[in-house]
file input.pdb (PDB, C-alpha atoms)
MODEL        1
ATOM      1  CA  MET C   1     113.728  32.913 156.746  1.00  0.00           C
ATOM      2  CA  SER C   2     116.378  35.623 156.553  1.00  0.00           C
ATOM      3  CA  LYS C   3     116.616  37.966 153.577  1.00  0.00           C
ATOM      4  CA  LEU C   4     120.017  36.522 152.680  1.00  0.00           C
ATOM      5  CA  THR C   5     118.596  32.993 152.671  1.00  0.00           C
ATOM      6  CA  ALA C   6     115.743  34.121 150.402  1.00  0.00           C
ATOM      7  CA  ILE C   7     118.234  35.744 148.022  1.00  0.00           C
ATOM      8  CA  ARG C   8     120.386  32.601 148.023  1.00  0.00           C
ATOM      9  CA  ILE C   9     117.359  30.432 147.188  1.00  0.00           C
ATOM     10  CA  ILE C  10     116.198  32.760 144.391  1.00  0.00           C
ATOM     11  CA  HIS C  11     119.726  33.068 143.006  1.00  0.00           C
ATOM     12  CA  THR C  12     120.163  29.286 143.015  1.00  0.00           C
ATOM     13  CA  ILE C  13     116.809  28.740 141.258  1.00  0.00           C
ATOM     14  CA  ILE C  14     117.786  31.258 138.567  1.00  0.00           C
ATOM     15  CA  TRP C  15     121.177  29.541 138.199  1.00  0.00           C
ATOM     16  CA  ILE C  16     119.468  26.145 137.771  1.00  0.00           C
ATOM     17  CA  PHE C  17     117.035  27.656 135.240  1.00  0.00           C
ATOM     18  CA  PHE C  18     119.900  29.094 133.175  1.00  0.00           C
ATOM     19  CA  ASN C  19     121.676  25.731 133.263  1.00  0.00           C
ATOM     20  CA  MET C  20     118.560  24.012 131.946  1.00  0.00           C
ATOM     21  CA  VAL C  21     118.250  26.608 129.177  1.00  0.00           C
ATOM     22  CA  PHE C  22     121.920  26.266 128.328  1.00  0.00           C
ATOM     23  CA  PHE C  23     121.855  22.460 128.222  1.00  0.00           C
ATOM     24  CA  TYR C  24     118.833  22.598 125.914  1.00  0.00           C
ATOM     25  CA  MET C  25     120.542  25.119 123.634  1.00  0.00           C
ATOM     26  CA  PHE C  26     123.709  23.028 123.471  1.00  0.00           C
ATOM     27  CA  TYR C  27     121.747  19.817 122.824  1.00  0.00           C
ATOM     28  CA  ALA C  28     119.678  21.484 120.106  1.00  0.00           C
ATOM     29  CA  VAL C  29     122.696  22.838 118.284  1.00  0.00           C
ATOM     30  CA  ILE C  30     124.564  19.501 118.537  1.00  0.00           C
ATOM     31  CA  VAL C  31     121.645  17.562 117.029  1.00  0.00           C
ATOM     32  CA  ASP C  32     121.042  20.392 114.541  1.00  0.00           C
ATOM     33  CA  LYS C  33     117.512  21.127 115.740  1.00  0.00           C
ATOM     34  CA  ILE C  34     117.741  24.893 116.021  1.00  0.00           C
ATOM     35  CA  ASP C  35     114.277  26.171 116.841  1.00  0.00           C
ATOM     36  CA  LYS C  36     112.668  29.237 118.394  1.00  0.00           C
ATOM     37  CA  TYR C  37     113.575  28.030 121.891  1.00  0.00           C
ATOM     38  CA  VAL C  38     117.270  28.160 121.023  1.00  0.00           C
ATOM     39  CA  TRP C  39     116.847  31.785 119.966  1.00  0.00           C
ATOM     40  CA  ILE C  40     114.875  32.561 123.123  1.00  0.00           C
ATOM     41  CA  GLY C  41     117.767  31.053 125.084  1.00  0.00           C
ATOM     42  CA  VAL C  42     120.242  33.202 123.150  1.00  0.00           C
ATOM     43  CA  ALA C  43     118.147  36.262 124.004  1.00  0.00           C
ATOM     44  CA  LEU C  44     118.070  35.305 127.699  1.00  0.00           C
ATOM     45  CA  PHE C  45     121.835  34.858 127.794  1.00  0.00           C
ATOM     46  CA  THR C  46     122.289  38.149 125.943  1.00  0.00           C
ATOM     47  CA  LEU C  47     120.205  39.866 128.629  1.00  0.00           C
ATOM     48  CA  GLU C  48     122.295  38.158 131.312  1.00  0.00           C
ATOM     49  CA  ILE C  49     125.513  39.420 129.705  1.00  0.00           C
ATOM     50  CA  ILE C  50     124.100  42.945 129.419  1.00  0.00           C
ATOM     51  CA  LEU C  51     123.135  42.850 133.107  1.00  0.00           C
ATOM     52  CA  LEU C  52     126.637  41.732 134.058  1.00  0.00           C
ATOM     53  CA  LEU C  53     128.154  44.529 131.985  1.00  0.00           C
ATOM     54  CA  VAL C  54     125.838  47.169 133.456  1.00  0.00           C
ATOM     55  CA  PHE C  55     126.560  46.011 137.017  1.00  0.00           C
ATOM     56  CA  LYS C  56     130.350  45.783 136.501  1.00  0.00           C
ATOM     57  CA  ASN C  57     130.551  41.982 136.265  1.00  0.00           C
ATOM     58  CA  ASN C  58     128.265  41.457 139.262  1.00  0.00           C
ATOM     59  CA  CYS C  59     124.859  39.864 139.338  1.00  0.00           C
ATOM     60  CA  PRO C  60     122.258  42.297 140.709  1.00  0.00           C
ATOM     61  CA  LEU C  61     121.296  39.674 143.288  1.00  0.00           C
ATOM     62  CA  THR C  62     124.892  39.614 144.523  1.00  0.00           C
ATOM     63  CA  ILE C  63     124.779  43.372 145.002  1.00  0.00           C
ATOM     64  CA  ILE C  64     121.529  43.091 146.969  1.00  0.00           C
ATOM     65  CA  ALA C  65     122.898  40.178 149.028  1.00  0.00           C
ATOM     66  CA  ARG C  66     125.942  42.284 150.005  1.00  0.00           C
ATOM     67  CA  ARG C  67     123.577  44.386 152.132  1.00  0.00           C
ATOM     68  CA  TYR C  68     122.973  41.353 154.344  1.00  0.00           C
ATOM     69  CA  SER C  69     126.439  39.799 154.560  1.00  0.00           C
ATOM     70  CA  ASP C  70     130.053  40.821 154.892  1.00  0.00           C
ATOM     71  CA  SER C  71     131.299  37.393 153.848  1.00  0.00           C
ATOM     72  CA  THR C  72     134.241  37.304 151.465  1.00  0.00           C
ATOM     73  CA  LYS C  73     133.339  33.839 150.149  1.00  0.00           C
ATOM     74  CA  GLU C  74     132.423  33.536 146.478  1.00  0.00           C
ATOM     75  CA  ASN C  75     129.276  31.563 147.297  1.00  0.00           C
ATOM     76  CA  PHE C  76     127.843  33.786 150.048  1.00  0.00           C
ATOM     77  CA  ASP C  77     124.836  34.640 147.828  1.00  0.00           C
ATOM     78  CA  ILE C  78     124.103  31.285 146.166  1.00  0.00           C
ATOM     79  CA  TYR C  79     123.917  27.600 147.094  1.00  0.00           C
ATOM     80  CA  LEU C  80     126.920  26.452 145.055  1.00  0.00           C
ATOM     81  CA  SER C  81     130.319  25.224 146.112  1.00  0.00           C
ATOM     82  CA  ASN C  82     132.785  28.042 146.632  1.00  0.00           C
ATOM     83  CA  TRP C  83     134.902  26.751 143.718  1.00  0.00           C
ATOM     84  CA  LEU C  84     131.967  26.670 141.303  1.00  0.00           C
ATOM     85  CA  ALA C  85     130.738  30.090 142.395  1.00  0.00           C
ATOM     86  CA  LYS C  86     134.242  31.483 141.846  1.00  0.00           C
ATOM     87  CA  TYR C  87     134.721  30.045 138.357  1.00  0.00           C
ATOM     88  CA  ASN C  88     131.093  30.050 137.184  1.00  0.00           C
ATOM     89  CA  LYS C  89     131.475  32.978 134.753  1.00  0.00           C
ATOM     90  CA  ALA C  90     134.680  31.567 133.261  1.00  0.00           C
ATOM     91  CA  ILE C  91     133.104  28.133 132.769  1.00  0.00           C
ATOM     92  CA  TYR C  92     130.023  29.646 131.153  1.00  0.00           C
ATOM     93  CA  ALA C  93     132.178  31.833 128.904  1.00  0.00           C
ATOM     94  CA  VAL C  94     134.049  28.820 127.492  1.00  0.00           C
ATOM     95  CA  PHE C  95     130.849  26.866 126.867  1.00  0.00           C
ATOM     96  CA  LEU C  96     129.079  29.912 125.451  1.00  0.00           C
ATOM     97  CA  VAL C  97     131.872  30.498 122.925  1.00  0.00           C
ATOM     98  CA  ALA C  98     131.721  26.813 121.932  1.00  0.00           C
ATOM     99  CA  PHE C  99     127.933  26.975 121.633  1.00  0.00           C
ATOM    100  CA  LEU C 100     127.961  30.179 119.571  1.00  0.00           C
ATOM    101  CA  SER C 101     130.660  28.792 117.279  1.00  0.00           C
ATOM    102  CA  LEU C 102     128.620  25.677 116.617  1.00  0.00           C
ATOM    103  CA  LEU C 103     125.418  27.714 116.234  1.00  0.00           C
ATOM    104  CA  ILE C 104     127.060  29.965 113.642  1.00  0.00           C
ATOM    105  CA  HIS C 105     128.469  26.921 111.834  1.00  0.00           C
ATOM    106  CA  ARG C 106     125.059  25.189 111.782  1.00  0.00           C
ATOM    107  CA  SER C 107     123.261  28.380 110.736  1.00  0.00           C
ATOM    108  CA  LEU C 108     125.591  29.020 107.806  1.00  0.00           C
ATOM    109  CA  ASN C 109     125.349  25.463 106.426  1.00  0.00           C
TER     110      ASN C 109
ENDMDL
END
call {"tool": "encode", "arguments": {"input": "input.pdb", "output": "structure tokens"}}
result
Amino acid sequence: MSKLTAIRIIHTIIWIFFNMVFFYMFYAVIVDKIDKYVWIGVALFTLEIILLLVFKNNCPLTIIARRYSDSTKENFDIYLSNWLAKYNKAIYAVFLVAFLSLLIHRSLN
């Protein structure tokens, strides 16, 4: 297995994990069952945002993968469609704002 393939697999597993966390958080806030796991999810996403800010809007795995590829495709470092890899951050941002708005609303009532 090449190093780039290993990075792509790890990156994809992390992406799937974050989707599972996010879907749980969104479900929990919709059904108004805000528990410690929601707050753990918020902490994980906060860490993810901090990492993106520190690495200038790049995932650290993307930076490492660049060492092994000169591809200009958005999905060179992850097993996602090129379109989804390109718009992933924008999609997450919209859903994260919706989630946080609902979480704040639920928490204040």
call {"tool": "resolve_selection", "arguments": {"input": "input.pdb", "expression": "the PyMOL selection byres ((chain C and resi 5-13) around 10)", "output": "mmCIF file with C-alpha atoms, keeping the file's coordinate frame"}}
result
data_model
loop_
_atom_site.group_PDB
_atom_site.id
_atom_site.type_symbol
_atom_site.label_atom_id
_atom_site.label_comp_id
_atom_site.auth_asym_id
_atom_site.auth_seq_id
_atom_site.Cartn_x
_atom_site.Cartn_y
_atom_site.Cartn_z
ATOM 1 C CA MET C 1 113.728 32.913 156.746
ATOM 2 C CA SER C 2 116.378 35.623 156.553
ATOM 3 C CA LYS C 3 116.616 37.966 153.577
ATOM 4 C CA LEU C 4 120.017 36.522 152.680
ATOM 5 C CA ILE C 14 117.786 31.258 138.567
ATOM 6 C CA TRP C 15 121.177 29.541 138.199
ATOM 7 C CA ILE C 16 119.468 26.145 137.771
ATOM 8 C CA PHE C 17 117.035 27.656 135.240
ATOM 9 C CA PHE C 18 119.900 29.094 133.175
ATOM 10 C CA ASN C 19 121.676 25.731 133.263
ATOM 11 C CA CYS C 59 124.859 39.864 139.338
ATOM 12 C CA PRO C 60 122.258 42.297 140.709
ATOM 13 C CA LEU C 61 121.296 39.674 143.288
ATOM 14 C CA THR C 62 124.892 39.614 144.523
ATOM 15 C CA ILE C 64 121.529 43.091 146.969
ATOM 16 C CA ALA C 65 122.898 40.178 149.028
ATOM 17 C CA TYR C 68 122.973 41.353 154.344
ATOM 18 C CA ASN C 75 129.276 31.563 147.297
ATOM 19 C CA PHE C 76 127.843 33.786 150.048
ATOM 20 C CA ASP C 77 124.836 34.640 147.828
ATOM 21 C CA ILE C 78 124.103 31.285 146.166
ATOM 22 C CA TYR C 79 123.917 27.600 147.094
ATOM 23 C CA LEU C 80 126.920 26.452 145.055
#
call {"tool": "atom_distance", "arguments": {"input": "input.pdb", "atom1": "atom CA of Ala93 of chain C", "atom2": "atom CA of Val31 of chain C"}}
result
21.3 Å
call {"tool": "atom_distance", "arguments": {"input": "input.pdb", "atom1": "atom CA of Tyr92 of chain C", "atom2": "atom CA of Asp35 of chain C"}}
result
21.6 Å
call {"tool": "atom_distance", "arguments": {"input": "input.pdb", "atom1": "atom CA of Leu44 of chain C", "atom2": "atom CA of Phe22 of chain C"}}
result
9.8 Å
call {"tool": "closest_residue", "arguments": {"input": "input.pdb", "among": "C:Lys33, C:Lys89, C:Ser69, C:Ile63", "to": "Glu48 of chain C", "atoms": "all atoms listed in the file"}}
result
C:Lys89
call {"tool": "axis_aligned_box", "arguments": {"input": "input.pdb", "around": "segment 6-17 of chain C", "padding_each_side": "5 Å", "output": "lines of an AutoDock Vina configuration file"}}
result
center_x = 118.5
center_y = 30.9
center_z = 142.8
size_x = 15.4
size_y = 19.6
size_z = 25.2
call {"tool": "residues_around", "arguments": {"input": "input.pdb", "residues": "Leu103 of chain C", "least_positions_apart": "3", "cutoff": "12 Å", "atoms": "only C-alpha atoms", "output": "list in words"}}
result
Met25, Phe26, Tyr27, Ala28, Val29, Ile30, Val31, Asp32, Lys33, Ile34, Asp35, Val38, Trp39, Val42, Phe95, Leu96, Val97, Ala98, Phe99, Leu100, Arg106, Ser107, Leu108 and Asn109 of chain C
call {"tool": "build_atoms", "arguments": {"input": "input.pdb", "residues": "segment 27-50 of chain C", "atoms": "N, CA and C atoms", "output": "mmCIF file, keeping the file's coordinate frame"}}
result
data_model
loop_
_atom_site.group_PDB
_atom_site.id
_atom_site.type_symbol
_atom_site.label_atom_id
_atom_site.label_comp_id
_atom_site.auth_asym_id
_atom_site.auth_seq_id
_atom_site.Cartn_x
_atom_site.Cartn_y
_atom_site.Cartn_z
ATOM 1 N N TYR C 27 122.288 21.044 123.415
ATOM 2 C CA TYR C 27 121.747 19.817 122.824
ATOM 3 C C TYR C 27 121.154 20.108 121.450
ATOM 4 N N ALA C 28 120.353 21.162 121.366
ATOM 5 C CA ALA C 28 119.678 21.484 120.106
ATOM 6 C C ALA C 28 120.672 21.791 118.999
ATOM 7 N N VAL C 29 121.727 22.499 119.320
ATOM 8 C CA VAL C 29 122.696 22.838 118.284
ATOM 9 C C VAL C 29 123.531 21.605 117.902
ATOM 10 N N ILE C 30 123.799 20.722 118.848
ATOM 11 C CA ILE C 30 124.564 19.501 118.537
ATOM 12 C C ILE C 30 123.767 18.599 117.606
ATOM 13 N N VAL C 31 122.463 18.440 117.867
ATOM 14 C CA VAL C 31 121.645 17.562 117.029
ATOM 15 C C VAL C 31 121.058 18.304 115.831
ATOM 16 N N ASP C 32 121.464 19.553 115.663
ATOM 17 C CA ASP C 32 121.042 20.392 114.541
ATOM 18 C C ASP C 32 119.523 20.559 114.490
ATOM 19 N N LYS C 33 118.946 20.844 115.648
ATOM 20 C CA LYS C 33 117.512 21.127 115.740
ATOM 21 C C LYS C 33 117.342 22.526 116.333
ATOM 22 N N ILE C 34 117.769 23.504 115.572
ATOM 23 C CA ILE C 34 117.741 24.893 116.021
ATOM 24 C C ILE C 34 116.335 25.439 115.805
ATOM 25 N N ASP C 35 115.660 25.704 116.903
ATOM 26 C CA ASP C 35 114.277 26.171 116.841
ATOM 27 C C ASP C 35 114.136 27.495 117.592
ATOM 28 N N LYS C 36 112.898 27.941 117.750
ATOM 29 C CA LYS C 36 112.668 29.237 118.394
ATOM 30 C C LYS C 36 113.144 29.241 119.845
ATOM 31 N N TYR C 37 113.146 28.082 120.503
ATOM 32 C CA TYR C 37 113.575 28.030 121.891
ATOM 33 C C TYR C 37 115.079 28.269 122.033
ATOM 34 N N VAL C 38 115.832 27.857 121.025
ATOM 35 C CA VAL C 38 117.270 28.160 121.023
ATOM 36 C C VAL C 38 117.461 29.674 120.968
ATOM 37 N N TRP C 39 116.716 30.338 120.109
ATOM 38 C CA TRP C 39 116.847 31.785 119.966
ATOM 39 C C TRP C 39 116.334 32.523 121.200
ATOM 40 N N ILE C 40 115.322 31.980 121.850
ATOM 41 C CA ILE C 40 114.875 32.561 123.123
ATOM 42 C C ILE C 40 115.991 32.421 124.160
ATOM 43 N N GLY C 41 116.636 31.265 124.181
ATOM 44 C CA GLY C 41 117.767 31.053 125.084
ATOM 45 C C GLY C 41 118.902 32.023 124.804
ATOM 46 N N VAL C 42 119.201 32.236 123.525
ATOM 47 C CA VAL C 42 120.242 33.202 123.150
ATOM 48 C C VAL C 42 119.862 34.591 123.659
ATOM 49 N N ALA C 43 118.605 34.952 123.520
ATOM 50 C CA ALA C 43 118.147 36.262 124.004
ATOM 51 C C ALA C 43 118.286 36.359 125.522
ATOM 52 N N LEU C 44 117.934 35.296 126.238
ATOM 53 C CA LEU C 44 118.070 35.305 127.699
ATOM 54 C C LEU C 44 119.528 35.458 128.116
ATOM 55 N N PHE C 45 120.422 34.738 127.455
ATOM 56 C CA PHE C 45 121.835 34.858 127.794
ATOM 57 C C PHE C 45 122.386 36.222 127.397
ATOM 58 N N THR C 46 121.877 36.794 126.328
ATOM 59 C CA THR C 46 122.289 38.149 125.943
ATOM 60 C C THR C 46 121.879 39.140 127.026
ATOM 61 N N LEU C 47 120.661 38.996 127.530
ATOM 62 C CA LEU C 47 120.205 39.866 128.629
ATOM 63 C C LEU C 47 121.076 39.677 129.873
ATOM 64 N N GLU C 48 121.427 38.448 130.158
ATOM 65 C CA GLU C 48 122.295 38.158 131.312
ATOM 66 C C GLU C 48 123.651 38.852 131.151
ATOM 67 N N ILE C 49 124.221 38.780 129.965
ATOM 68 C CA ILE C 49 125.513 39.420 129.705
ATOM 69 C C ILE C 49 125.390 40.936 129.831
ATOM 70 N N ILE C 50 124.320 41.496 129.305
ATOM 71 C CA ILE C 50 124.100 42.945 129.419
ATOM 72 C C ILE C 50 123.999 43.351 130.888
#
